[in-house]
Structure formats: structure tokens, C-alpha cells
>>> print(open('structure.cif').read())   # mmCIF, N, CA and C atoms and all ligand atoms
data_run
#
loop_
_atom_site.label_atom_id
_atom_site.label_comp_id
_atom_site.auth_asym_id
_atom_site.auth_seq_id
_atom_site.Cartn_x
_atom_site.Cartn_y
_atom_site.Cartn_z
N MET N 1 14.35 12.31 7.69
CA MET N 1 12.97 11.79 7.73
C MET N 1 12.40 11.66 6.32
N GLU N 2 11.81 10.50 6.05
CA GLU N 2 11.15 10.30 4.75
C GLU N 2 9.65 10.09 4.98
N LYS N 3 8.91 10.33 3.91
CA LYS N 3 7.49 9.97 3.91
C LYS N 3 7.26 8.95 2.81
N THR N 4 6.35 8.02 3.07
CA THR N 4 6.01 7.03 2.05
C THR N 4 4.51 6.75 2.11
N LEU N 5 3.98 6.19 1.02
CA LEU N 5 2.54 5.88 1.00
C LEU N 5 2.32 4.40 1.27
N SER N 6 1.37 4.13 2.15
CA SER N 6 0.94 2.76 2.42
C SER N 6 -0.55 2.66 2.11
N ILE N 7 -0.96 1.54 1.52
CA ILE N 7 -2.39 1.26 1.35
C ILE N 7 -2.68 -0.09 1.98
N ILE N 8 -3.65 -0.12 2.89
CA ILE N 8 -4.18 -1.41 3.35
C ILE N 8 -5.25 -1.78 2.34
N LYS N 9 -5.01 -2.89 1.62
CA LYS N 9 -5.82 -3.25 0.45
C LYS N 9 -7.17 -3.87 0.87
N PRO N 10 -8.12 -4.01 -0.10
CA PRO N 10 -9.47 -4.49 0.24
C PRO N 10 -9.51 -5.82 0.97
N ASP N 11 -8.59 -6.74 0.67
CA ASP N 11 -8.62 -8.05 1.35
C ASP N 11 -8.37 -7.90 2.85
N ALA N 12 -7.40 -7.06 3.21
CA ALA N 12 -7.04 -6.89 4.62
C ALA N 12 -8.09 -6.07 5.37
N VAL N 13 -8.68 -5.08 4.69
CA VAL N 13 -9.76 -4.30 5.31
C VAL N 13 -10.95 -5.23 5.60
N ALA N 14 -11.30 -6.08 4.60
CA ALA N 14 -12.44 -7.00 4.76
C ALA N 14 -12.19 -8.00 5.89
N LYS N 15 -10.94 -8.38 6.08
CA LYS N 15 -10.59 -9.36 7.13
C LYS N 15 -10.59 -8.76 8.54
N GLY N 16 -10.63 -7.41 8.60
CA GLY N 16 -10.63 -6.77 9.91
C GLY N 16 -9.27 -6.72 10.57
N VAL N 17 -8.21 -6.53 9.76
CA VAL N 17 -6.87 -6.47 10.35
C VAL N 17 -6.21 -5.10 10.16
N ILE N 18 -7.03 -4.05 9.99
CA ILE N 18 -6.47 -2.69 9.86
C ILE N 18 -5.60 -2.38 11.08
N GLY N 19 -6.14 -2.60 12.26
CA GLY N 19 -5.43 -2.25 13.49
C GLY N 19 -4.14 -3.04 13.65
N LYS N 20 -4.18 -4.33 13.32
CA LYS N 20 -2.98 -5.17 13.44
C LYS N 20 -1.88 -4.69 12.49
N ILE N 21 -2.28 -4.26 11.29
CA ILE N 21 -1.28 -3.78 10.33
C ILE N 21 -0.70 -2.44 10.77
N ILE N 22 -1.57 -1.54 11.23
CA ILE N 22 -1.08 -0.24 11.71
C ILE N 22 -0.11 -0.44 12.89
N ASP N 23 -0.39 -1.41 13.73
CA ASP N 23 0.50 -1.69 14.86
C ASP N 23 1.91 -2.04 14.38
N ARG N 24 2.02 -2.76 13.25
CA ARG N 24 3.36 -3.10 12.72
C ARG N 24 4.15 -1.82 12.41
N PHE N 25 3.44 -0.82 11.84
CA PHE N 25 4.12 0.42 11.47
C PHE N 25 4.53 1.19 12.74
N GLU N 26 3.56 1.38 13.64
CA GLU N 26 3.83 2.19 14.84
C GLU N 26 4.85 1.53 15.76
N SER N 27 4.87 0.20 15.77
CA SER N 27 5.83 -0.51 16.64
C SER N 27 7.24 -0.51 16.05
N ASN N 28 7.35 -0.10 14.79
CA ASN N 28 8.65 -0.13 14.12
C ASN N 28 9.11 1.25 13.66
N GLY N 29 8.69 2.27 14.38
CA GLY N 29 9.24 3.61 14.15
C GLY N 29 8.64 4.37 12.99
N LEU N 30 7.50 3.91 12.46
CA LEU N 30 6.83 4.67 11.40
C LEU N 30 5.59 5.34 11.99
N ARG N 31 5.55 6.66 11.86
CA ARG N 31 4.46 7.46 12.41
C ARG N 31 3.39 7.64 11.34
N ILE N 32 2.10 7.61 11.76
CA ILE N 32 1.01 7.85 10.81
C ILE N 32 0.83 9.36 10.68
N ALA N 33 1.30 9.93 9.58
CA ALA N 33 1.23 11.38 9.39
C ALA N 33 -0.07 11.80 8.69
N GLY N 34 -0.72 10.84 8.04
CA GLY N 34 -2.00 11.11 7.37
C GLY N 34 -2.71 9.78 7.18
N MET N 35 -4.06 9.79 7.23
CA MET N 35 -4.77 8.52 7.07
C MET N 35 -6.21 8.76 6.66
N LYS N 36 -6.71 7.98 5.71
CA LYS N 36 -8.14 8.01 5.38
C LYS N 36 -8.60 6.68 4.80
N LYS N 37 -9.90 6.41 5.00
CA LYS N 37 -10.51 5.22 4.43
C LYS N 37 -11.34 5.67 3.24
N LEU N 38 -11.21 4.97 2.13
CA LEU N 38 -11.96 5.36 0.93
C LEU N 38 -12.13 4.16 0.02
N GLN N 39 -13.01 4.29 -0.97
CA GLN N 39 -13.13 3.25 -1.99
C GLN N 39 -12.70 3.85 -3.32
N LEU N 40 -11.69 3.24 -3.92
CA LEU N 40 -11.15 3.77 -5.19
C LEU N 40 -12.15 3.59 -6.31
N SER N 41 -12.26 4.59 -7.18
CA SER N 41 -13.02 4.43 -8.41
C SER N 41 -12.14 3.67 -9.40
N THR N 42 -12.75 3.12 -10.44
CA THR N 42 -11.96 2.43 -11.47
C THR N 42 -10.94 3.39 -12.07
N GLN N 43 -11.35 4.62 -12.32
CA GLN N 43 -10.44 5.60 -12.92
C GLN N 43 -9.23 5.89 -12.00
N GLN N 44 -9.51 6.03 -10.71
CA GLN N 44 -8.41 6.27 -9.75
C GLN N 44 -7.44 5.08 -9.70
N ALA N 45 -7.99 3.87 -9.66
CA ALA N 45 -7.13 2.68 -9.58
C ALA N 45 -6.31 2.54 -10.86
N GLU N 46 -6.93 2.80 -12.00
CA GLU N 46 -6.20 2.72 -13.29
C GLU N 46 -5.05 3.72 -13.32
N GLU N 47 -5.33 4.92 -12.82
CA GLU N 47 -4.30 5.97 -12.82
C GLU N 47 -3.19 5.63 -11.83
N PHE N 48 -3.57 5.16 -10.64
CA PHE N 48 -2.57 4.84 -9.61
C PHE N 48 -1.63 3.74 -10.08
N TYR N 49 -2.18 2.74 -10.79
CA TYR N 49 -1.37 1.59 -11.24
C TYR N 49 -0.99 1.70 -12.71
N ALA N 50 -1.01 2.91 -13.27
CA ALA N 50 -0.73 3.11 -14.71
C ALA N 50 0.61 2.48 -15.12
N ILE N 51 1.56 2.45 -14.18
CA ILE N 51 2.88 1.88 -14.46
C ILE N 51 2.78 0.39 -14.85
N HIS N 52 1.71 -0.28 -14.41
CA HIS N 52 1.53 -1.72 -14.70
C HIS N 52 0.59 -1.97 -15.88
N LYS N 53 0.27 -0.92 -16.62
CA LYS N 53 -0.72 -1.01 -17.69
C LYS N 53 -0.50 -2.17 -18.67
N GLU N 54 0.77 -2.44 -18.99
CA GLU N 54 1.06 -3.49 -19.98
C GLU N 54 1.15 -4.88 -19.36
N ARG N 55 1.09 -4.97 -18.03
CA ARG N 55 1.22 -6.28 -17.37
C ARG N 55 -0.08 -7.07 -17.54
N PRO N 56 0.03 -8.41 -17.66
CA PRO N 56 -1.18 -9.23 -17.89
C PRO N 56 -2.21 -9.15 -16.77
N PHE N 57 -1.76 -8.77 -15.56
CA PHE N 57 -2.68 -8.77 -14.42
C PHE N 57 -3.30 -7.40 -14.16
N TYR N 58 -3.06 -6.42 -15.04
CA TYR N 58 -3.51 -5.04 -14.80
C TYR N 58 -5.03 -4.95 -14.57
N ALA N 59 -5.81 -5.56 -15.46
CA ALA N 59 -7.28 -5.46 -15.34
C ALA N 59 -7.76 -6.10 -14.03
N ASP N 60 -7.18 -7.25 -13.70
CA ASP N 60 -7.55 -7.93 -12.44
C ASP N 60 -7.16 -7.09 -11.24
N LEU N 61 -5.99 -6.46 -11.31
CA LEU N 61 -5.51 -5.64 -10.20
C LEU N 61 -6.45 -4.45 -9.96
N VAL N 62 -6.87 -3.80 -11.04
CA VAL N 62 -7.79 -2.66 -10.93
C VAL N 62 -9.12 -3.13 -10.33
N LYS N 63 -9.60 -4.28 -10.79
CA LYS N 63 -10.86 -4.83 -10.28
C LYS N 63 -10.74 -5.14 -8.78
N PHE N 64 -9.63 -5.75 -8.41
CA PHE N 64 -9.41 -6.09 -6.99
C PHE N 64 -9.33 -4.82 -6.13
N MET N 65 -8.58 -3.83 -6.59
CA MET N 65 -8.35 -2.64 -5.77
C MET N 65 -9.61 -1.78 -5.61
N THR N 66 -10.60 -2.00 -6.50
CA THR N 66 -11.86 -1.26 -6.40
C THR N 66 -12.97 -2.11 -5.75
N SER N 67 -12.63 -3.32 -5.32
CA SER N 67 -13.65 -4.27 -4.85
C SER N 67 -14.19 -3.95 -3.46
N GLY N 68 -13.52 -3.07 -2.74
CA GLY N 68 -13.97 -2.71 -1.39
C GLY N 68 -13.13 -1.57 -0.87
N PRO N 69 -13.45 -1.09 0.33
CA PRO N 69 -12.69 0.05 0.86
C PRO N 69 -11.23 -0.29 1.14
N VAL N 70 -10.42 0.75 1.09
CA VAL N 70 -8.99 0.65 1.43
C VAL N 70 -8.69 1.73 2.48
N VAL N 71 -7.55 1.57 3.14
CA VAL N 71 -7.07 2.63 4.04
C VAL N 71 -5.74 3.12 3.48
N VAL N 72 -5.69 4.42 3.18
CA VAL N 72 -4.43 4.99 2.67
C VAL N 72 -3.77 5.81 3.77
N MET N 73 -2.45 5.65 3.87
CA MET N 73 -1.71 6.32 4.95
C MET N 73 -0.42 6.92 4.44
N VAL N 74 -0.06 8.05 5.04
CA VAL N 74 1.29 8.59 4.87
C VAL N 74 2.08 8.15 6.10
N LEU N 75 3.14 7.37 5.87
CA LEU N 75 4.00 6.92 6.96
C LEU N 75 5.25 7.79 6.96
N GLU N 76 5.67 8.21 8.14
CA GLU N 76 6.87 9.05 8.23
C GLU N 76 7.87 8.43 9.20
N GLY N 77 9.13 8.47 8.82
CA GLY N 77 10.18 7.97 9.70
C GLY N 77 11.51 7.93 8.98
N GLU N 78 12.54 7.51 9.71
CA GLU N 78 13.87 7.37 9.10
C GLU N 78 13.82 6.23 8.10
N ASN N 79 14.32 6.46 6.90
CA ASN N 79 14.31 5.43 5.84
C ASN N 79 12.93 4.79 5.67
N ALA N 80 11.89 5.63 5.70
CA ALA N 80 10.51 5.11 5.73
C ALA N 80 10.18 4.24 4.51
N VAL N 81 10.72 4.60 3.34
CA VAL N 81 10.39 3.83 2.12
C VAL N 81 10.89 2.39 2.29
N LYS N 82 12.16 2.26 2.63
CA LYS N 82 12.77 0.93 2.75
C LYS N 82 12.20 0.16 3.95
N LYS N 83 12.03 0.85 5.06
CA LYS N 83 11.51 0.19 6.26
C LYS N 83 10.11 -0.37 6.00
N ASN N 84 9.26 0.42 5.33
CA ASN N 84 7.91 -0.06 5.03
C ASN N 84 7.97 -1.30 4.13
N ARG N 85 8.84 -1.27 3.11
CA ARG N 85 8.96 -2.42 2.21
C ARG N 85 9.43 -3.66 2.98
N GLU N 86 10.33 -3.47 3.93
CA GLU N 86 10.80 -4.60 4.74
C GLU N 86 9.67 -5.17 5.60
N LEU N 87 8.90 -4.28 6.21
CA LEU N 87 7.79 -4.75 7.05
C LEU N 87 6.72 -5.46 6.23
N MET N 88 6.55 -5.02 4.95
CA MET N 88 5.53 -5.62 4.07
C MET N 88 5.88 -7.05 3.67
N GLY N 89 7.13 -7.30 3.30
CA GLY N 89 7.55 -8.60 2.76
C GLY N 89 7.34 -8.67 1.26
N ALA N 90 7.73 -9.80 0.68
CA ALA N 90 7.71 -9.98 -0.78
C ALA N 90 6.28 -9.90 -1.33
N THR N 91 6.18 -9.51 -2.61
CA THR N 91 4.89 -9.36 -3.29
C THR N 91 4.05 -10.63 -3.15
N ASN N 92 4.68 -11.78 -3.37
CA ASN N 92 3.99 -13.06 -3.23
C ASN N 92 4.10 -13.53 -1.77
N PRO N 93 2.97 -13.60 -1.06
CA PRO N 93 3.04 -13.95 0.37
C PRO N 93 3.73 -15.28 0.64
N LYS N 94 3.70 -16.18 -0.36
CA LYS N 94 4.38 -17.48 -0.18
C LYS N 94 5.88 -17.31 -0.09
N GLU N 95 6.38 -16.21 -0.65
CA GLU N 95 7.83 -15.94 -0.63
C GLU N 95 8.21 -14.90 0.44
N ALA N 96 7.22 -14.39 1.13
CA ALA N 96 7.50 -13.32 2.10
C ALA N 96 8.13 -13.89 3.37
N ASP N 97 9.11 -13.17 3.93
CA ASP N 97 9.78 -13.62 5.15
C ASP N 97 8.77 -13.74 6.29
N LYS N 98 9.06 -14.69 7.17
CA LYS N 98 8.25 -14.91 8.37
C LYS N 98 8.14 -13.59 9.16
N GLY N 99 6.95 -13.31 9.68
CA GLY N 99 6.79 -12.13 10.52
C GLY N 99 6.49 -10.86 9.75
N THR N 100 6.52 -10.92 8.40
CA THR N 100 6.17 -9.73 7.62
C THR N 100 4.64 -9.65 7.50
N ILE N 101 4.17 -8.45 7.13
CA ILE N 101 2.72 -8.23 7.01
C ILE N 101 2.11 -9.18 5.99
N ARG N 102 2.77 -9.33 4.84
CA ARG N 102 2.20 -10.19 3.80
C ARG N 102 2.23 -11.67 4.22
N ALA N 103 3.29 -12.10 4.88
CA ALA N 103 3.34 -13.50 5.34
C ALA N 103 2.20 -13.76 6.32
N ASP N 104 1.88 -12.78 7.14
CA ASP N 104 0.90 -13.01 8.21
C ASP N 104 -0.54 -12.73 7.79
N PHE N 105 -0.76 -11.82 6.83
CA PHE N 105 -2.14 -11.40 6.54
C PHE N 105 -2.58 -11.54 5.09
N ALA N 106 -1.66 -11.84 4.14
CA ALA N 106 -2.05 -11.84 2.72
C ALA N 106 -2.55 -13.20 2.26
N GLU N 107 -3.39 -13.15 1.23
CA GLU N 107 -4.03 -14.35 0.69
C GLU N 107 -3.30 -14.91 -0.52
N SER N 108 -2.82 -14.02 -1.39
CA SER N 108 -2.31 -14.43 -2.70
C SER N 108 -1.42 -13.32 -3.26
N ILE N 109 -0.80 -13.59 -4.40
CA ILE N 109 0.08 -12.58 -5.02
C ILE N 109 -0.72 -11.32 -5.39
N GLU N 110 -2.01 -11.47 -5.64
CA GLU N 110 -2.84 -10.29 -5.96
C GLU N 110 -3.42 -9.66 -4.69
N ALA N 111 -4.11 -10.46 -3.90
CA ALA N 111 -4.72 -9.97 -2.66
C ALA N 111 -3.66 -10.04 -1.56
N ASN N 112 -2.72 -9.10 -1.61
CA ASN N 112 -1.54 -9.23 -0.75
C ASN N 112 -1.47 -8.15 0.33
N ALA N 113 -2.63 -7.74 0.81
CA ALA N 113 -2.81 -6.98 2.07
C ALA N 113 -2.37 -5.52 2.06
N VAL N 114 -1.21 -5.24 1.48
CA VAL N 114 -0.70 -3.87 1.53
C VAL N 114 0.02 -3.46 0.25
N HIS N 115 -0.02 -2.15 0.02
CA HIS N 115 0.83 -1.51 -1.00
C HIS N 115 1.82 -0.62 -0.27
N GLY N 116 3.01 -0.49 -0.81
CA GLY N 116 3.97 0.47 -0.29
C GLY N 116 4.81 1.04 -1.41
N SER N 117 5.03 2.33 -1.39
CA SER N 117 5.86 2.97 -2.43
C SER N 117 7.22 2.27 -2.49
N ASP N 118 7.77 2.12 -3.72
CA ASP N 118 9.02 1.38 -3.86
C ASP N 118 10.25 2.27 -4.06
N SER N 119 10.07 3.58 -4.08
CA SER N 119 11.22 4.49 -4.15
C SER N 119 10.77 5.84 -3.58
N LEU N 120 11.75 6.67 -3.23
CA LEU N 120 11.42 7.98 -2.66
C LEU N 120 10.67 8.84 -3.67
N GLU N 121 11.08 8.74 -4.93
CA GLU N 121 10.40 9.52 -5.98
C GLU N 121 8.95 9.08 -6.13
N ASN N 122 8.73 7.75 -6.20
CA ASN N 122 7.35 7.26 -6.30
C ASN N 122 6.55 7.62 -5.05
N ALA N 123 7.20 7.59 -3.90
CA ALA N 123 6.52 7.93 -2.65
C ALA N 123 5.97 9.36 -2.72
N LYS N 124 6.78 10.28 -3.23
CA LYS N 124 6.32 11.68 -3.31
C LYS N 124 5.09 11.79 -4.21
N ASN N 125 5.15 11.10 -5.37
CA ASN N 125 4.01 11.15 -6.30
C ASN N 125 2.78 10.47 -5.72
N GLU N 126 2.99 9.33 -5.05
CA GLU N 126 1.85 8.58 -4.52
C GLU N 126 1.21 9.29 -3.33
N VAL N 127 2.01 9.93 -2.50
CA VAL N 127 1.45 10.71 -1.39
C VAL N 127 0.60 11.84 -1.96
N ALA N 128 1.13 12.53 -2.98
CA ALA N 128 0.41 13.66 -3.59
C ALA N 128 -0.87 13.20 -4.30
N PHE N 129 -0.88 11.94 -4.75
CA PHE N 129 -2.07 11.39 -5.43
C PHE N 129 -3.27 11.36 -4.47
N PHE N 130 -3.01 11.07 -3.19
CA PHE N 130 -4.11 10.89 -2.24
C PHE N 130 -4.29 12.03 -1.22
N PHE N 131 -3.23 12.78 -0.96
CA PHE N 131 -3.30 13.74 0.16
C PHE N 131 -2.91 15.14 -0.29
N ASP N 132 -3.64 16.15 0.22
CA ASP N 132 -3.11 17.50 0.04
C ASP N 132 -2.40 17.90 1.33
N GLY N 133 -1.61 18.97 1.24
CA GLY N 133 -0.70 19.34 2.33
C GLY N 133 -1.37 19.42 3.69
N ARG N 134 -2.62 19.91 3.74
CA ARG N 134 -3.29 20.11 5.03
C ARG N 134 -3.71 18.79 5.67
N GLU N 135 -3.65 17.72 4.92
CA GLU N 135 -4.05 16.40 5.45
C GLU N 135 -2.87 15.62 6.00
N ILE N 136 -1.68 16.22 5.93
CA ILE N 136 -0.47 15.55 6.43
C ILE N 136 0.01 16.32 7.66
N LEU N 137 -0.01 15.62 8.81
CA LEU N 137 0.22 16.32 10.08
C LEU N 137 1.41 15.73 10.82
P1 LIG V 201 4.61 -4.64 -4.99
O1 LIG V 201 5.45 -3.40 -5.21
O2 LIG V 201 5.27 -5.61 -4.04
O3 LIG V 201 3.18 -4.33 -4.57
O4 LIG V 201 4.52 -5.43 -6.37
P2 LIG V 201 4.38 -4.95 -7.90
O5 LIG V 201 4.62 -3.48 -8.03
O6 LIG V 201 5.20 -5.89 -8.72
O7 LIG V 201 2.85 -5.27 -8.25
C1 LIG V 201 1.81 -4.41 -7.87
C2 LIG V 201 0.64 -5.24 -7.39
O8 LIG V 201 0.10 -5.99 -8.49
C3 LIG V 201 0.97 -6.31 -6.35
O9 LIG V 201 1.06 -5.82 -5.04
C4 LIG V 201 -0.16 -7.30 -6.52
O10 LIG V 201 -1.37 -6.84 -5.86
C5 LIG V 201 -0.39 -7.25 -8.03
N1 LIG V 201 0.37 -8.32 -8.72
C6 LIG V 201 1.73 -8.41 -8.88
N2 LIG V 201 2.07 -9.50 -9.57
C7 LIG V 201 0.90 -10.13 -9.86
C8 LIG V 201 0.58 -11.33 -10.57
O11 LIG V 201 1.45 -12.04 -11.09
N3 LIG V 201 -0.76 -11.63 -10.67
C9 LIG V 201 -1.74 -10.87 -10.13
N4 LIG V 201 -3.03 -11.24 -10.27
N5 LIG V 201 -1.48 -9.73 -9.45
C10 LIG V 201 -0.18 -9.37 -9.31
#
>>> encode(input="structure.cif", output="C-alpha cells")
Amino acid sequence: MEKTLSIIKPDAVAKGVIGKIIDRFESNGLRIAGMKKLQLSTQQAEEFYAIHKERPFYADLVKFMTSGPVVVMVLEGENAVKKNRELMGATNPKEADKGTIRADFAESIEANAVHGSDSLENAKNEVAFFFDGREIL
């Protein structure tokens, strides 16, 4: 069993598709082990995306991620990191496979509906960024 972090981003929360996205996880063997709705501060978003600091889109990404509430979740299941990435689809929704979350709900390469940890190591760090042990059930 693995745990991974998922974020339903501000575009998808604003569109009212939280439930539809959660259904993709639950229907595909990923259990919601922790969940909360929050609005990231600029400092939190900068820290969470620090790995992209040198990328040209960093400032825009921080602005977008703080533009409205998000839903952060701990997903648990077999191969949860890879399975979540498969359900999400490619970063650019135009390139995402049919039936993936990004193909169905994302607007653009930036406003792309969901975040998902891209490795088990990053998953551990990202889960710890948002959740303490008592919040994971
Ligand atoms: P992910 O792992 O599929 O989310 O993709 P990355 O780690 O490469 O990028 C992190 C996030 O930065 C993406 O999910 C997008 O929200 C945003 N992003 C990535 N590439 C671009 C880009 O070229 N332009 C803009 N504006 N945002 C981008």
C-alpha cells in the first residue's frame, strides 16, 4: 500500500467538480485517507512548488494556486503514486489521454485541475507538508 498527495486545484474547485474528481479516485481503488479544503497562502504555495523556482511559470503558478480554495487529499492504495498519475493524465490537458481527469476537467497547462505527487519520496514529503499523523485515517 502506498500513500500519495492529490490536490484539486482552484480551477476545478471553482467549476464545482470536486465530487466528480473524487469519484475517479474511489472508483479506481484509491481510498481517501485524509482530506481538507483550504486556501494556500503565497508563502505555502512558494514552498510547495520550490522545486519549480527557476521555471519561467513559477510566479504565475503561485498566483494561480493561491487564487481560490483547493482540496488536498491523501490517497491510499496499491501503486497509489503511479495510479493517481495515470488517472490525472498529462500536464497539458490537450495532450492528456481521453477519459483522464485533466482531459475531462482541465482548462490549460496551468489551470489543469489536479496535482499529484510524481514519486514515492515526493509523496511522503508532500503528505507531511499538509497533514499530521492524526489527520490520516
Ligand atoms: P505535473 O507534475 O503534471 O503537475 O507537472 P509539472 O510538475 O511539470 O508542473 C507543475 C505545475 O506547473 C503544473 O501542474 C501546471 O499547473 C504548472 N505548469 C507546468 N508547465 C507550465 C507551463 O508551461 N506554463 C504554465 N503557466 N504553467 C505550467
>>> closest_residue(input="structure.cif", among="N:Glu126, N:Glu95, N:Glu135, N:Asp60", to="ligand LIG 201 (chain V)", atoms="only N, CA and C atoms and all ligand atoms")
N:Asp60
>>> residues_near_ligand(input="structure.cif", ligand="ligand LIG 201 (chain V)", cutoff="6 Å", atoms="all atoms listed in the file", output="short mmCIF file (atom, residue, chain, number, x, y, z; two decimals) with N, CA and C atoms, in the coordinates of the input")
data_model
loop_
_atom_site.label_atom_id
_atom_site.label_comp_id
_atom_site.auth_asym_id
_atom_site.auth_seq_id
_atom_site.Cartn_x
_atom_site.Cartn_y
_atom_site.Cartn_z
N PHE N 57 -1.76 -8.77 -15.56
CA PHE N 57 -2.68 -8.77 -14.42
C PHE N 57 -3.30 -7.40 -14.16
N ASP N 60 -7.18 -7.25 -13.70
CA ASP N 60 -7.55 -7.93 -12.44
C ASP N 60 -7.16 -7.09 -11.24
N LEU N 61 -5.99 -6.46 -11.31
CA LEU N 61 -5.51 -5.64 -10.20
C LEU N 61 -6.45 -4.45 -9.96
N ALA N 90 7.73 -9.80 0.68
CA ALA N 90 7.71 -9.98 -0.78
C ALA N 90 6.28 -9.90 -1.33
N THR N 91 6.18 -9.51 -2.61
CA THR N 91 4.89 -9.36 -3.29
C THR N 91 4.05 -10.63 -3.15
N ILE N 109 -0.80 -13.59 -4.40
CA ILE N 109 0.08 -12.58 -5.02
C ILE N 109 -0.72 -11.32 -5.39
N GLU N 110 -2.01 -11.47 -5.64
CA GLU N 110 -2.84 -10.29 -5.96
C GLU N 110 -3.42 -9.66 -4.69
N ALA N 111 -4.11 -10.46 -3.90
CA ALA N 111 -4.72 -9.97 -2.66
C ALA N 111 -3.66 -10.04 -1.56
N ASN N 112 -2.72 -9.10 -1.61
CA ASN N 112 -1.54 -9.23 -0.75
C ASN N 112 -1.47 -8.15 0.33
N VAL N 114 -1.21 -5.24 1.48
CA VAL N 114 -0.70 -3.87 1.53
C VAL N 114 0.02 -3.46 0.25
N HIS N 115 -0.02 -2.15 0.02
CA HIS N 115 0.83 -1.51 -1.00
C HIS N 115 1.82 -0.62 -0.27
N GLY N 116 3.01 -0.49 -0.81
CA GLY N 116 3.97 0.47 -0.29
C GLY N 116 4.81 1.04 -1.41
#
>>> closest_residue(input="structure.cif", among="N:Met65, N:Met88, N:Ile8, N:Ile32", to="Glu46 of chain N", atoms="only C-alpha atoms")
N:Met65
>>> closest_residue(input="structure.cif", among="N:Arg24, N:Arg31, N:Arg134, N:Lys15", to="Glu78 of chain N", atoms="only C-alpha atoms")
N:Arg31
>>> closest_residue(input="structure.cif", among="N:Pro93, N:Pro56, N:Gly29, N:Gly16", to="Leu75 of chain N", atoms="all atoms listed in the file")
N:Gly29
>>> atom_distance(input="structure.cif", atom1="atom N of Val62 of chain N", atom2="atom C of Leu40 of chain N")
10.2 Å
>>> build_atoms(input="structure.cif", residues="segment 13-27 of chain N", atoms="N, CA, C and O atoms", output="short mmCIF file (atom, residue, chain, number, x, y, z; two decimals), in the frame of the given file")
data_model
loop_
_atom_site.label_atom_id
_atom_site.label_comp_id
_atom_site.auth_asym_id
_atom_site.auth_seq_id
_atom_site.Cartn_x
_atom_site.Cartn_y
_atom_site.Cartn_z
N VAL N 13 -8.68 -5.08 4.69
CA VAL N 13 -9.76 -4.30 5.31
C VAL N 13 -10.95 -5.23 5.60
O VAL N 13 -11.51 -5.23 6.70
N ALA N 14 -11.30 -6.08 4.60
CA ALA N 14 -12.44 -7.00 4.76
C ALA N 14 -12.19 -8.00 5.89
O ALA N 14 -13.12 -8.41 6.59
N LYS N 15 -10.94 -8.38 6.08
CA LYS N 15 -10.59 -9.36 7.13
C LYS N 15 -10.59 -8.76 8.54
O LYS N 15 -10.47 -9.47 9.52
N GLY N 16 -10.63 -7.41 8.60
CA GLY N 16 -10.63 -6.77 9.91
C GLY N 16 -9.27 -6.72 10.57
O GLY N 16 -9.16 -6.86 11.80
N VAL N 17 -8.21 -6.53 9.76
CA VAL N 17 -6.87 -6.47 10.35
C VAL N 17 -6.21 -5.10 10.16
O VAL N 17 -4.98 -4.99 10.20
N ILE N 18 -7.03 -4.05 9.99
CA ILE N 18 -6.47 -2.69 9.86
C ILE N 18 -5.60 -2.38 11.08
O ILE N 18 -4.46 -1.94 10.95
N GLY N 19 -6.14 -2.60 12.26
CA GLY N 19 -5.43 -2.25 13.49
C GLY N 19 -4.14 -3.04 13.65
O GLY N 19 -3.10 -2.49 14.05
N LYS N 20 -4.18 -4.33 13.32
CA LYS N 20 -2.98 -5.17 13.44
C LYS N 20 -1.88 -4.69 12.49
O LYS N 20 -0.70 -4.73 12.83
N ILE N 21 -2.28 -4.26 11.29
CA ILE N 21 -1.28 -3.78 10.33
C ILE N 21 -0.70 -2.44 10.77
O ILE N 21 0.51 -2.22 10.76
N ILE N 22 -1.57 -1.54 11.23
CA ILE N 22 -1.08 -0.24 11.71
C ILE N 22 -0.11 -0.44 12.89
O ILE N 22 0.89 0.26 13.00
N ASP N 23 -0.39 -1.41 13.73
CA ASP N 23 0.50 -1.69 14.86
C ASP N 23 1.91 -2.04 14.38
O ASP N 23 2.90 -1.64 15.01
N ARG N 24 2.02 -2.76 13.25
CA ARG N 24 3.36 -3.10 12.72
C ARG N 24 4.15 -1.82 12.41
O ARG N 24 5.35 -1.74 12.65
N PHE N 25 3.44 -0.82 11.84
CA PHE N 25 4.12 0.42 11.47
C PHE N 25 4.53 1.19 12.74
O PHE N 25 5.68 1.56 12.91
N GLU N 26 3.56 1.38 13.64
CA GLU N 26 3.83 2.19 14.84
C GLU N 26 4.85 1.53 15.76
O GLU N 26 5.62 2.22 16.42
N SER N 27 4.87 0.20 15.77
CA SER N 27 5.83 -0.51 16.64
C SER N 27 7.24 -0.51 16.05
O SER N 27 8.18 -0.95 16.71
#
